[in-house]
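Q: What follows is model_14.cif, mmCIF, C-alpha atoms.
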```
data_my_file
#
loop_
_atom_site.label_atom_id
_atom_site.label_comp_id
_atom_site.auth_asym_id
_atom_site.auth_seq_id
_atom_site.Cartn_x
_atom_site.Cartn_y
_atom_site.Cartn_z
CA MET A 6 0.00 0.00 0.00
CA LYS A 7 1.40 3.35 -1.04
CA GLY A 8 1.54 6.23 1.43
CA HIS A 9 3.05 6.91 4.77
CA LEU A 10 1.80 7.46 8.26
CA TRP A 11 3.31 10.09 10.50
CA THR A 12 5.23 8.19 13.14
CA GLY A 13 7.45 10.95 14.43
CA GLY A 14 6.45 10.28 18.00
CA LEU A 15 6.48 12.79 20.82
CA GLU A 16 9.91 14.22 19.90
CA ALA A 17 8.77 15.27 16.41
CA GLY A 18 5.54 16.66 17.83
CA LEU A 19 7.57 18.87 20.14
CA GLY A 20 9.58 20.31 17.26
CA GLN A 21 12.77 18.27 17.72
CA GLY A 22 12.08 16.25 14.55
CA SER A 23 11.75 19.22 12.19
CA SER A 24 14.42 19.31 9.50
CA ASN A 25 14.47 23.10 9.17
CA GLY A 26 13.16 24.29 12.53
CA ARG A 27 10.99 27.03 10.95
CA LEU A 28 7.67 25.22 10.90
CA ALA A 29 5.71 25.10 14.10
CA PRO A 30 5.35 21.50 15.31
CA TRP A 31 1.64 21.44 14.53
CA GLU A 32 2.35 22.79 11.03
CA ALA A 33 4.95 20.11 10.36
CA ILE A 34 2.53 17.36 11.37
CA ALA A 35 -0.37 18.78 9.36
CA ILE A 36 1.77 19.46 6.27
CA ASP A 37 3.26 15.97 6.34
CA ALA A 38 -0.20 14.44 6.84
CA VAL A 39 -1.52 16.20 3.73
CA GLY A 40 1.59 15.20 1.79
CA ASN A 41 1.03 11.58 2.78
CA VAL A 42 -2.61 11.63 1.65
CA ILE A 43 -1.68 13.27 -1.65
CA GLU A 44 1.03 10.66 -2.23
CA PHE A 45 -1.46 7.88 -1.44
CA TRP A 46 -3.74 9.30 -4.16
CA GLY A 47 -0.92 9.00 -6.70
CA PHE A 48 0.42 12.55 -6.70
CA LYS A 49 3.81 13.75 -5.49
CA ARG A 50 4.06 14.01 -1.70
CA ASN A 51 5.66 17.45 -1.91
CA GLN A 52 2.76 18.75 -4.02
CA GLY A 53 0.56 18.13 -0.99
CA ARG A 54 3.10 19.63 1.37
CA VAL A 55 3.39 22.84 -0.70
CA TRP A 56 -0.39 23.23 -0.95
CA ALA A 57 -0.83 22.53 2.78
CA LEU A 58 1.81 25.14 3.73
CA LEU A 59 0.14 27.78 1.57
CA TYR A 60 -3.32 26.84 2.81
CA LEU A 61 -2.35 26.87 6.49
CA ARG A 62 -0.46 30.16 6.26
CA GLY A 63 -3.39 31.79 4.47
CA GLU A 64 -1.25 34.32 2.62
CA PRO A 65 0.72 34.18 -0.62
CA MET A 66 4.34 33.11 -0.29
CA SER A 67 7.30 33.43 -2.65
CA ALA A 68 9.00 30.37 -4.09
CA GLY A 69 12.03 31.18 -1.94
CA GLU A 70 9.92 31.23 1.23
CA ILE A 71 8.39 27.86 0.30
CA GLU A 72 11.89 26.46 -0.35
CA ARG A 73 13.09 27.56 3.09
CA GLU A 74 9.99 26.49 5.02
CA LEU A 75 9.86 23.01 3.51
CA ASP A 76 13.61 22.56 2.96
CA LEU A 77 13.17 21.91 -0.76
CA SER A 78 15.38 22.80 -3.71
CA LYS A 79 14.71 25.80 -5.95
CA GLY A 80 14.17 23.55 -8.99
CA GLY A 81 11.92 21.22 -7.05
CA VAL A 82 9.71 24.05 -5.83
CA SER A 83 9.54 25.49 -9.34
CA MET A 84 8.31 22.17 -10.78
CA LEU A 85 5.88 21.61 -7.91
CA LEU A 86 4.37 25.08 -8.27
CA ARG A 87 4.00 24.65 -12.04
CA ASP A 88 2.14 21.33 -11.50
CA LEU A 89 -0.05 22.79 -8.76
CA GLU A 90 -0.95 25.80 -10.93
CA ARG A 91 -1.91 23.46 -13.78
CA TRP A 92 -4.18 21.49 -11.42
CA GLY A 93 -5.77 24.73 -10.24
CA VAL A 94 -4.90 24.23 -6.57
CA VAL A 95 -2.37 27.08 -6.39
CA ARG A 96 -2.62 30.48 -8.02
CA ARG A 97 0.12 32.97 -8.84
CA VAL A 98 -0.34 36.49 -7.47
CA ARG A 99 1.69 39.68 -7.35
CA LEU A 100 1.24 41.90 -4.35
CA PRO A 101 1.29 45.69 -5.02
CA GLN A 102 4.34 46.27 -2.83
CA ASP A 103 6.28 43.32 -4.28
CA SER A 104 7.93 42.65 -7.64
CA ALA A 105 8.21 38.88 -7.08
CA TRP A 106 5.51 36.37 -7.87
CA ARG A 107 3.88 34.81 -4.87
CA TYR A 108 1.68 31.74 -4.65
CA GLY A 109 -1.55 31.22 -2.78
CA ALA A 110 -3.55 28.07 -2.15
CA GLU A 111 -7.03 27.48 -3.50
CA THR A 112 -9.13 27.76 -0.36
CA ASP A 113 -12.43 26.43 -1.73
CA LEU A 114 -11.78 22.75 -1.06
CA ILE A 115 -14.82 21.51 -3.00
CA ARG A 116 -13.78 23.54 -6.07
CA MET A 117 -10.21 22.26 -5.74
CA VAL A 118 -11.21 18.59 -5.47
CA SER A 119 -13.78 19.01 -8.25
CA HIS A 120 -11.20 20.54 -10.57
CA VAL A 121 -8.68 17.76 -9.95
CA ILE A 122 -11.36 15.09 -10.42
CA GLU A 123 -12.52 16.72 -13.64
CA GLU A 124 -8.98 16.94 -15.00
CA ARG A 125 -7.61 13.61 -13.86
CA GLU A 126 -10.21 11.03 -12.94
CA ALA A 127 -12.94 12.00 -15.41
CA GLY A 128 -10.45 11.99 -18.30
CA PHE A 129 -9.14 8.62 -17.19
CA ILE A 130 -12.64 7.12 -16.95
CA GLU A 131 -13.49 8.58 -20.37
CA ARG A 132 -10.49 6.73 -21.86
CA ILE A 133 -11.53 3.51 -20.08
CA ARG A 134 -15.05 3.83 -21.51
CA ALA A 135 -13.66 4.31 -25.01
CA ASP A 136 -11.42 1.24 -24.64
CA LEU A 137 -14.28 -0.90 -23.33
CA ASN A 138 -16.56 0.25 -26.15
CA GLU A 139 -13.85 -0.64 -28.67
CA ALA A 140 -13.37 -4.06 -27.03
CA ARG A 141 -17.12 -4.67 -27.20
CA ARG A 142 -17.24 -3.61 -30.87
CA MET A 143 -14.35 -5.93 -31.72
CA ALA A 144 -15.87 -8.84 -29.76
CA GLU A 145 -19.22 -8.45 -31.52
CA ALA A 146 -17.52 -8.13 -34.92
CA SER A 147 -15.51 -11.31 -34.39
CA GLY A 148 -18.69 -13.37 -34.21
CA ASN A 149 -17.11 -16.04 -32.02
CA VAL A 150 -17.44 -14.49 -28.54
CA SER A 151 -20.00 -16.19 -26.31
CA PRO A 152 -23.08 -14.27 -25.18
CA GLU A 153 -21.90 -14.66 -21.57
CA HIS A 154 -18.59 -12.93 -22.34
CA LEU A 155 -20.39 -10.19 -24.30
CA ALA A 156 -22.74 -9.66 -21.34
CA ARG A 157 -19.77 -9.33 -18.95
CA LEU A 158 -18.09 -6.88 -21.29
CA GLU A 159 -21.33 -4.90 -21.45
CA LYS A 160 -21.50 -4.85 -17.65
CA MET A 161 -17.94 -3.49 -17.46
CA ALA A 162 -18.83 -0.74 -19.96
CA THR A 163 -21.99 0.09 -17.99
CA LEU A 164 -19.99 0.37 -14.76
CA ALA A 165 -17.51 2.75 -16.41
CA GLU A 166 -20.41 4.83 -17.75
CA HIS A 167 -21.98 5.12 -14.26
CA VAL A 168 -18.64 6.04 -12.68
CA GLU A 169 -18.12 8.75 -15.30
CA ARG A 170 -21.66 10.06 -14.76
CA ALA A 171 -21.18 10.11 -10.96
CA LEU A 172 -17.88 12.00 -11.27
CA ARG A 173 -19.38 14.57 -13.65
CA LEU A 174 -22.36 15.05 -11.31
CA PHE A 175 -19.97 15.54 -8.39
CA VAL A 176 -17.99 18.14 -10.35
CA LYS A 177 -21.20 20.07 -11.14
CA THR A 178 -23.01 19.76 -7.81
CA ALA A 179 -20.50 18.58 -5.16
CA ARG A 180 -22.87 15.63 -4.58
CA LEU A 181 -21.76 12.07 -5.15
CA ASP A 182 -24.50 9.70 -6.33
CA VAL A 183 -23.23 6.12 -6.39
CA GLY A 184 -26.62 4.46 -6.96
CA GLY A 185 -25.88 3.66 -10.60
CA ILE A 186 -22.43 2.34 -9.72
CA LEU A 187 -23.82 0.03 -7.04
CA GLY A 188 -26.50 -1.20 -9.41
CA ALA A 189 -23.89 -2.01 -12.07
CA LEU A 190 -21.81 -3.92 -9.50
CA ARG A 191 -24.65 -6.16 -8.36
CA GLU A 192 -24.83 -9.56 -9.96
CA GLU A 193 -28.05 -10.30 -11.76
CA SER A 194 -29.97 -12.96 -9.89
CA PRO A 195 -30.30 -16.27 -11.70
CA ARG A 196 -33.74 -16.85 -13.21
#
```
What does this structure look like when you write it as structure tokens?

A:
Amino acid sequence: MKGHLWTGGLEAGLGQGSSNGRLAPWEAIAIDAVGNVIEFWGFKRNQGRVWALLYLRGEPMSAGEIERELDLSKGGVSMLLRDLERWGVVRRVRLPQDSAWRYGAETDLIRMVSHVIEEREAGFIERIRADLNEARRMAEASGNVSPEHLARLEKMATLAEHVERALRLFVKTARLDVGGILGALREESPR
């Protein structure tokens, strides 16, 4: 199983486990927790850590400040910020009194999750649906695939369609309706 649990113990919680000493102990724990969740979901751990730092601080920070706070390299922070901007979870801002770009976290968590789902998961499910439809077309065209196998292929395509519909509904309404998914998962009872 991918991901990590924070196991820094009491010493890390008291600030003795911090690599740079600038983060408050509670910040270090929270930032690492978000990084671990983000890594578990298949993103880079430091993407989660950067977003969490910006979100917790509640004010735009320069790339240099992010580097120092999280003890990351300049190139690493640059790549992370570019990815996070593309996902719509970090925005670039310029303060009137400052000539440097600063970065702020998306604070509307539903909008952030919806955007990432729309960009990543919905596109992935759309490709799965297309592949399953092509497999079904090829199986039907071959003429030698049993009705049972065609029915199973149809069920897989139906499941992908319901997952895509549920994700799109979530993106539009922030509600997740899994009724169609559960129905597609249930085995038909023998007659």

Q: Evaluating the PyMOL selection byres ((chain A and resi 95) around 9) on the displayed file yields which residues, as a ChimeraX atom specification?

A: /A:56,59,86-94,96-97,108-111

Q: Could you please determine the separation between CA of Val42 in chain A and CA of Arg180 in chain A in Å, to one decimal place?

A: 21.6 Å

Q: What is the CA of Lys160 in chain A to CA of Gly185 in chain A distance in Å?

A: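 That distance, rounded to one decimal, is 11.9 Å.
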
Q: Would you pick out the contacts of Ile43 in chain A at 8 Å or less, using all atoms listed in the file, so that residues sharing its chain but fewer than 6 positions from it are not included, and give the list as a list in words?

A: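 My list of contacting residues is Lys49, Arg50, Gln52 and Gly53 of chain A.
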
Q: Do you know which residues the PyMOL selection byres ((chain A and resi 116) around 12) returns on this file, as a list in words?

A: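 When the PyMOL selection byres ((chain A and resi 116) around 12) is applied to the shown file, the picked residues are Trp92, Gly93, Val94, Val95, Ala110, Glu111, Thr112, Asp113, Leu114, Ile115, Met117, Val118, Ser119, His120, Val121, Ile122, Glu123, Phe175, Val176, Lys177, Thr178 and Ala179 of chain A.
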
Q: Please report the interatomic distance between CA of Ile34 in chain A and CA of Glu124 in chain A in Å with one decimal.

A: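 Answer for the CA of Ile34 in chain A to CA of Glu124 in chain A separation: 28.8 Å.
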
Q: Excluding Arg134 in chain A and its own-chain neighbours fewer than 3 positions away, which residues fall within 8 Å of it when counting all atoms listed in the file? Please give them as an NGL selection string.

A: :A and (130-131 or 137-138 or 162 or 165-166)

Q: Which residue, A:Glu64, A:Glu44, A:Glu32, A:Glu72, has the smallest gap to Val98 in chain A when you use all atoms listed in the file?

A: A:Glu64
